[in-house]
Each structure stands twice: as structure tokens, then as C-alpha cells.
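Scroll down for the structure; my scribbles are underneath it.
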Amino acid sequence: MVTCNMENTYLEFQNEKESNAKSYPRHFPLVIEKAEGMMITDVEGNVFYDCLCGAGTLALGHNHPVVIQAIEDVLKQQLPLHTLDLATPLKIEFMQEIFSMLPKELRGSTKIQFCGPTGADGVEAAIKLVKNATKGKSILAFQGGYHGSTQATMSMSGNLSKKQHLQSLLPDVHFLPFPYEYRCPFGIGAEKTAKISAQYIENVLDDCESGIASPCGMIFETVQGEGGAIPADIEWLKEMRRVTAERGIPLIIDEVQTGIGRTGEMFSFEHAGIIPDVIVCSKAIGGGLPMSIIIYQEELDQWNPGAHIGTFRGNQLGMATGLATLKYMKENDVLENVNVRSKQVFERLNELQEKYEEIGDVRGRGLMIGVEIVNPKGRKDRLGHYPQYEELALQIQERCFHNGLIIEVGGRYSAVMRFLPPLTMTENETAEVLTIFEKSVVEAIQVMKTNE
């Protein structure tokens, strides 16, 4: 076991030498020594339940045996690690596995583009693709959405703080109202939020005075991640597909965080039974290693050779671990576990919502779950909901960390506790996580009262 002084030395060096843009170390001051499943151990021997899991990247948790075996096999066979977009047997098998997991309507009519290793690069590729194919101008994005931190993807994301002082953002991006029922943008709430949102969007697209010139595509997450685990209404998703299809607007679904089983289906759009034109995948698609792809309808494949390139688009280790992860999920019915564990989490969180008025909303889909923290002493909005309580949310996060649970915050004012555990989380692990979470909520509420 390494002494506390050594951990402090590591942290001091990181704080001194790593960019001011670093984020997670500000909330989780630890130095990780090893990890397995959903457990990570720091250099002092402290053990934590990981409900962040690489922001949803680690579908099977840390160092799953099939992932480790896939890496070892690549190394033992002396397979190339870096191939640009040249073919290898492994790459073809990975592609075939991806096509096989698509809805049957897509299997024979799609193509794939390997992108740079981040989800943002996949989104960039998707926008290039539809702009080239449609010759359209405007991009339709949504309030609260998040698509990356490059100049272009940040331009399509709702968060203002990260782009407030940046110049030359991507032009012709138009933000539409997402059906956020708890904080309804129309001040109505419940199921009417989605209906009015859909009607508003259809009217905008048909209004010759809308100010939006010839859209080249619409992009959204079916469950907004960084926006606060906000799930779109299923009927709203169907309406967005109808509205875009009738007007010849390519629909891009950002599955970077929601995809590969996170919501209880292999792709989150499958809950609505819709077929998008472009699917952006990253995070879990690489089995824990860097990988980003777009899958799209073949009629959109009108760009020229080299239209979107990237040095690391031939990451063979990522293809090996991605392939191993996809096969394991299929052979071991991981999606069933996601849905069972999701029910377990929601049942307990809904009980906590009844006990603590500081828990304003519990929402999400599958194992992409958010708990919005509110201030019961604040003024209610027109829907009767208390305001977001960022200070308490951060205090809950701190107490969770102290009690051995790593959990991220997000959403408006960073007031949403976000659960992104491994898809293989067990019943006992789930129960323990929720026990720690409740304990931390109680402690945080007490700390805030003491400080008043």
C-alpha cells in the first residue's frame, strides 16, 4: 500500500502541471491504482463503486476478462495496431458484428465510416456527410443537448459556459425545444410538453418566415446525457422521425452515450421503433478503448475519398475489444440485466423521492439515470417545482465520494446526480450503491442545514 504522502505528491504534481481545463480531478481527488468490474482502488487502498465508468464508456466495467483476452490475443498474434483505413480480418469481423446488431431495416442498406477516436469526431463526420449529400445549410439541434467539445460540436451543444467566449463557432445552428417535462420550456409540463414541442418544430419547418434556411439535418440524443439524463418521450421521437422524413431532412441520432445497451436496447432509438438516417457511436462501441464510427443510409454516401479522415481511425485494439464486448453482450443477455437493474434502481430512487423533498425528479432510461436536486426553500416555478440546488448536489457528490461512491453531476446548474454504472452491475452491487447514495443525501442535507 502506498502512503498518503505519495498520493498527495501525485495529486500535487497533477494540479501543478496538468491543464486548467481538467475537470474530474476537481471532484474526485484520488490516484487510481487498479480497477475491476465496477470497483476501483486508489493508491491508499480505498475502494470505490464506480457509477461514472468512463462517462459510460465501460459497458462491461473495468478490465472485464473478455476485453483483456481480446487485447492479449491481438498482441500474441502480432496483429498491426495501427492501419489507417486499410482492411484487416479483424476489422471486417468487427464491421460484420456491428451490421448484425442493427435493426433489420438497416442491415442491408447502410455503410460505416471509421472516425477519429472521439465521439465529437463522429458527430463532425455526420455533419459533413449530410451537408455534402443534401447541399443544405442549417443544422437543427436542441436545447440541453451535448455533442462534444470541438468548435463544431460545441456549436451544436446547449451548454453556454463552454462556448461563451469562443469565436467563429459553426454558423447556421438553430436550437429547438427538447421535451424536458420537469422543466417544460413552455411552462405546461407532463405529456403536453412533448406534444407541443413536436407541433412547434413542425410549424417552424413549414414556416416560410422561420429564419431557418434549408436544413441539412437534425441531431439529438434520445436521452440527453450531459443535459441531465432527460429522456425524450417515445411519441415525440416518432414525430421527429415523421417530420424529418416527410421533408427530406436526414435524422442524426447521437448514440455516443446512449448506444450499445445503455438504455436497455442496443440502440436507444429502438425504444421508439424508428429508423434514423445516421447513427453516431463512440464510448462503449470500442469496449473501453478509443473508437468512433458513424453508420448511415447508403444514399447519403456521396462524399469524396478523404472527405473525413483521421490518423487513429484504424485502431485495431479498439476493434478487438469492441468486438469482444458486442459478442459478450449478445451471448450473455446483458440487455436483460440492464432492464432488471434499471427497475431496481428506479424503484429505490422513487422511494427516496417520497422521503426527501430535496429530490425533485427521478428520470432516465435503462442505466442512464438522473436525480434532480432541488431547494425546498426556494420559490416554485409555474409548474410547482422548486429551483435547482447546485450547492446541495455538489455536497451529495462529495459525500458519495467520501463514502466510496463515484457519481457525476450534470444538467442545468450541475444539479442532477447522474448514474452511469456498468451494464453488468449485479443486484447486490446495485443495492449497495443505492444505500451509499441515500446515506450521502442525508449527510449532505445535514451539512447544508448546519452551514445555514
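In the C-alpha cells, chains take letters A, B, ... by order of appearance, with residues numbered from 1 within each chain and ligands from 1 in the order shown.
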
Counting only C-alpha atoms, what is within 6 Å of stretch 76-84 of chain A, bar same-chain residues fewer than 4 positions away, as a PDB file with C-alpha atoms, in the first residue's frame?
ATOM      1  CA  THR A 311      -4.854   9.007 -38.174  1.00  0.00           C
ATOM      2  CA  ARG A 313      -9.356   5.504 -37.335  1.00  0.00           C
ATOM      3  CA  GLY A 314      -7.622   2.133 -37.729  1.00  0.00           C
ATOM      4  CA  ASN A 315      -7.305   1.328 -34.010  1.00  0.00           C
ATOM      5  CA  GLN A 316      -7.128  -2.472 -34.119  1.00  0.00           C
TER       6      GLN A 316
END

Selection near A:Glu226, 7 Å with only C-alpha atoms, sequence-local residues under 4 positions removed, as a ChimeraX atom specification: /A:146,410-411

Quick one: write out the picked residues with C-alpha atoms as a tab-separated table (two decimals), in the first residue's frame?
chain	number	residue	atom	x	y	z
A	146	TYR	CA	-24.40	17.80	-25.88
A	410	GLY	CA	-24.74	17.34	-14.75
A	411	GLY	CA	-27.77	19.12	-16.11

List the neighbours of A:Ile275 out to 12 Å using only C-alpha atoms; skip same-chain residues closer than 4 positions along the sequence, and give me the result as an MDAnalysis selection string. chainID A and resid 102:107 109:110 237:238 240:242 244:245 250:253 267:271 279 295:297

Just the helix (DSSP H, G or I) stuff from stretch 271-379 of chain A, please, per backbone DSSP, written as a PyMOL selection string. chain A and resi 271-272+283-286+298-300+316-331+334-355

Take the residues that were just selected and, keeping N, CA and C atoms, output them as a compact mmCIF listing (two decimals), in the first residue's frame.
# COMPACT_ATOMS: atom_id res chain seq x y z
N HIS A 271 -36.26 1.97 -28.88
CA HIS A 271 -37.42 2.06 -27.99
C HIS A 271 -38.63 2.63 -28.72
N ALA A 272 -38.37 3.49 -29.70
CA ALA A 272 -39.46 4.13 -30.44
C ALA A 272 -39.75 3.42 -31.76
N LYS A 283 -17.65 5.82 -27.34
CA LYS A 283 -17.64 5.28 -25.98
C LYS A 283 -17.68 3.75 -25.98
N ALA A 284 -18.81 3.13 -25.64
CA ALA A 284 -18.86 1.68 -25.43
C ALA A 284 -18.61 0.86 -26.69
N ILE A 285 -18.74 1.45 -27.87
CA ILE A 285 -18.56 0.69 -29.12
C ILE A 285 -17.13 0.15 -29.22
N GLY A 286 -16.18 0.77 -28.51
CA GLY A 286 -14.80 0.31 -28.53
C GLY A 286 -14.44 -0.60 -27.37
N GLU A 298 -27.06 4.31 -47.15
CA GLU A 298 -26.09 4.34 -48.24
C GLU A 298 -26.36 5.45 -49.27
N GLU A 299 -27.58 5.94 -49.37
CA GLU A 299 -27.84 7.02 -50.33
C GLU A 299 -27.16 8.33 -49.93
N LEU A 300 -26.75 8.43 -48.67
CA LEU A 300 -26.03 9.62 -48.22
C LEU A 300 -24.53 9.55 -48.55
N GLN A 316 -6.80 -1.05 -34.14
CA GLN A 316 -7.13 -2.47 -34.12
C GLN A 316 -7.43 -3.00 -32.72
N LEU A 317 -6.75 -2.48 -31.71
CA LEU A 317 -7.06 -2.91 -30.35
C LEU A 317 -8.49 -2.53 -29.99
N GLY A 318 -8.91 -1.33 -30.39
CA GLY A 318 -10.28 -0.90 -30.12
C GLY A 318 -11.30 -1.76 -30.85
N MET A 319 -10.96 -2.20 -32.06
CA MET A 319 -11.85 -3.09 -32.79
C MET A 319 -11.94 -4.45 -32.11
N ALA A 320 -10.82 -4.92 -31.60
CA ALA A 320 -10.81 -6.21 -30.91
C ALA A 320 -11.63 -6.17 -29.63
N THR A 321 -11.43 -5.13 -28.82
CA THR A 321 -12.17 -5.03 -27.57
C THR A 321 -13.64 -4.70 -27.82
N GLY A 322 -13.91 -3.92 -28.87
CA GLY A 322 -15.30 -3.63 -29.23
C GLY A 322 -16.02 -4.88 -29.68
N LEU A 323 -15.36 -5.68 -30.51
CA LEU A 323 -15.94 -6.93 -30.98
C LEU A 323 -16.21 -7.88 -29.81
N ALA A 324 -15.25 -7.99 -28.91
CA ALA A 324 -15.42 -8.87 -27.75
C ALA A 324 -16.58 -8.43 -26.88
N THR A 325 -16.72 -7.11 -26.70
CA THR A 325 -17.80 -6.58 -25.89
C THR A 325 -19.16 -6.84 -26.52
N LEU A 326 -19.28 -6.60 -27.82
CA LEU A 326 -20.55 -6.81 -28.51
C LEU A 326 -20.96 -8.28 -28.46
N LYS A 327 -19.99 -9.18 -28.67
CA LYS A 327 -20.30 -10.61 -28.63
C LYS A 327 -20.72 -11.03 -27.22
N TYR A 328 -20.01 -10.53 -26.23
CA TYR A 328 -20.35 -10.89 -24.85
C TYR A 328 -21.75 -10.43 -24.49
N MET A 329 -22.10 -9.22 -24.90
CA MET A 329 -23.42 -8.70 -24.59
C MET A 329 -24.51 -9.56 -25.22
N LYS A 330 -24.27 -9.98 -26.45
CA LYS A 330 -25.25 -10.80 -27.15
C LYS A 330 -25.38 -12.19 -26.52
N GLU A 331 -24.25 -12.78 -26.19
CA GLU A 331 -24.24 -14.17 -25.69
C GLU A 331 -24.67 -14.29 -24.24
N VAL A 334 -26.97 -9.30 -21.77
CA VAL A 334 -26.68 -8.13 -20.93
C VAL A 334 -27.83 -7.13 -20.94
N LEU A 335 -28.54 -7.04 -22.07
CA LEU A 335 -29.66 -6.09 -22.13
C LEU A 335 -30.73 -6.43 -21.11
N GLU A 336 -30.94 -7.71 -20.87
CA GLU A 336 -31.92 -8.11 -19.86
C GLU A 336 -31.47 -7.64 -18.48
N ASN A 337 -30.18 -7.76 -18.21
CA ASN A 337 -29.66 -7.28 -16.92
C ASN A 337 -29.85 -5.77 -16.78
N VAL A 338 -29.63 -5.04 -17.87
CA VAL A 338 -29.83 -3.59 -17.83
C VAL A 338 -31.26 -3.26 -17.41
N ASN A 339 -32.21 -3.95 -18.00
CA ASN A 339 -33.61 -3.64 -17.71
C ASN A 339 -34.02 -4.06 -16.29
N VAL A 340 -33.46 -5.17 -15.81
CA VAL A 340 -33.76 -5.61 -14.44
C VAL A 340 -33.14 -4.66 -13.43
N ARG A 341 -31.89 -4.32 -13.64
CA ARG A 341 -31.21 -3.41 -12.72
C ARG A 341 -31.84 -2.01 -12.78
N SER A 342 -32.27 -1.59 -13.96
CA SER A 342 -32.92 -0.30 -14.11
C SER A 342 -34.18 -0.24 -13.25
N LYS A 343 -34.96 -1.29 -13.30
CA LYS A 343 -36.18 -1.34 -12.49
C LYS A 343 -35.83 -1.26 -11.01
N GLN A 344 -34.78 -1.97 -10.60
CA GLN A 344 -34.34 -1.95 -9.21
C GLN A 344 -33.93 -0.54 -8.78
N VAL A 345 -33.18 0.14 -9.63
CA VAL A 345 -32.71 1.49 -9.31
C VAL A 345 -33.88 2.47 -9.22
N PHE A 346 -34.76 2.42 -10.21
CA PHE A 346 -35.88 3.37 -10.22
C PHE A 346 -36.81 3.15 -9.03
N GLU A 347 -37.04 1.90 -8.65
CA GLU A 347 -37.92 1.64 -7.51
C GLU A 347 -37.36 2.27 -6.24
N ARG A 348 -36.06 2.10 -6.04
CA ARG A 348 -35.44 2.65 -4.82
C ARG A 348 -35.37 4.18 -4.88
N LEU A 349 -34.99 4.72 -6.02
CA LEU A 349 -34.89 6.18 -6.13
C LEU A 349 -36.25 6.84 -6.00
N ASN A 350 -37.28 6.21 -6.50
CA ASN A 350 -38.63 6.76 -6.34
C ASN A 350 -39.05 6.75 -4.87
N GLU A 351 -38.61 5.74 -4.13
CA GLU A 351 -38.87 5.70 -2.70
C GLU A 351 -38.15 6.86 -2.00
N LEU A 352 -36.91 7.09 -2.43
CA LEU A 352 -36.15 8.20 -1.83
C LEU A 352 -36.79 9.54 -2.16
N GLN A 353 -37.34 9.66 -3.34
CA GLN A 353 -38.01 10.90 -3.74
C GLN A 353 -39.19 11.18 -2.82
N GLU A 354 -39.88 10.13 -2.38
CA GLU A 354 -41.00 10.30 -1.46
C GLU A 354 -40.53 10.73 -0.08
N LYS A 355 -39.31 10.31 0.30
CA LYS A 355 -38.78 10.60 1.63
C LYS A 355 -38.13 11.97 1.74

Find the residue from A:Phe142, A:Pro215, A:Cys400, A:Cys208 that sits nearest to A:Glu432; use only C-alpha atoms when measuring.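 Checking each candidate against A:Glu432, we get A:Cys400 as the closest.
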
Select from stretch 305-413 of chain A every residue with an atom at most 8 Å from any atom of stretch 49-59 of chain A, then for each give the shortest pair of atoms and their distance in Å to one decimal, using only C-alpha atoms, rows by chain and rising number, as a tab-separated table.
residue	atom	partner	partner_atom	distance
A:Thr325	CA	A:Ala59	CA	7.8
A:Gly404	CA	A:Tyr49	CA	6.1
A:Leu405	CA	A:Tyr49	CA	4.7
A:Ile406	CA	A:Asp50	CA	5.0
A:Ile407	CA	A:Cys51	CA	5.2
A:Glu408	CA	A:Leu52	CA	6.3

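When atom CA of A:Gly273 is paired with atom CA of A:Phe175, their separation reads 24.8 Å.
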
List as a list in words the protein and nucleic acid residues near A:Gly144, meaning an atom at most 8 Å away when only C-alpha atoms are counted, but skip any in the same chain fewer than 5 places from it.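 Contacts, in chain order: Ser157, Gly158, Asn159, Phe178, Gln224, Glu226, Gly227 and Gly411 of chain A.
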
Dump of C-alpha atoms for the selected residues, as a short mmCIF file (atom, residue, chain, number, x, y, z; two decimals), in the first residue's frame:
data_model
loop_
_atom_site.label_atom_id
_atom_site.label_comp_id
_atom_site.auth_asym_id
_atom_site.auth_seq_id
_atom_site.Cartn_x
_atom_site.Cartn_y
_atom_site.Cartn_z
CA SER A 157 -24.49 21.81 -27.85
CA GLY A 158 -26.71 23.73 -25.49
CA ASN A 159 -24.21 24.46 -22.73
CA PHE A 178 -36.34 19.48 -26.19
CA GLN A 224 -29.82 13.91 -23.07
CA GLU A 226 -24.76 15.99 -20.03
CA GLY A 227 -28.07 17.86 -20.16
CA GLY A 411 -27.77 19.12 -16.11
#

Choose the residue, out of A:Gly306, A:Gly45, A:Gly108, A:Pro177, that has the smallest atom-to-atom separation from A:Lys128; count only C-alpha atoms. A:Gly306

Among stretch 26-200 of chain A, which ones does DSSP place in strand (DSSP E), written as a PyMOL selection string? chain A and resi 32-36+39-42+47-50+110-114+138-142+173-176

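Pairwise distance (atom CA of A:Val223, atom CA of A:Ser168) equals 28.5 Å.
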
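Distances to A:Asp85 were evaluated for A:His308, A:Arg412, A:Lys449, A:Lys377 using only C-alpha atoms, and the minimum falls at A:His308.
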
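Considering the residues A:Lys17, A:Ala444, A:Gly370, A:Leu420 and counting only C-alpha atoms, A:His402 has its shortest atom-to-atom contact with A:Ala444.
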
Separation of atom CA of A:His147 from atom CA of A:Asn15, in Å and rounded to one decimal: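 Atom-to-atom, atom CA of A:His147 and atom CA of A:Asn15 are spaced 27.5 Å apart.
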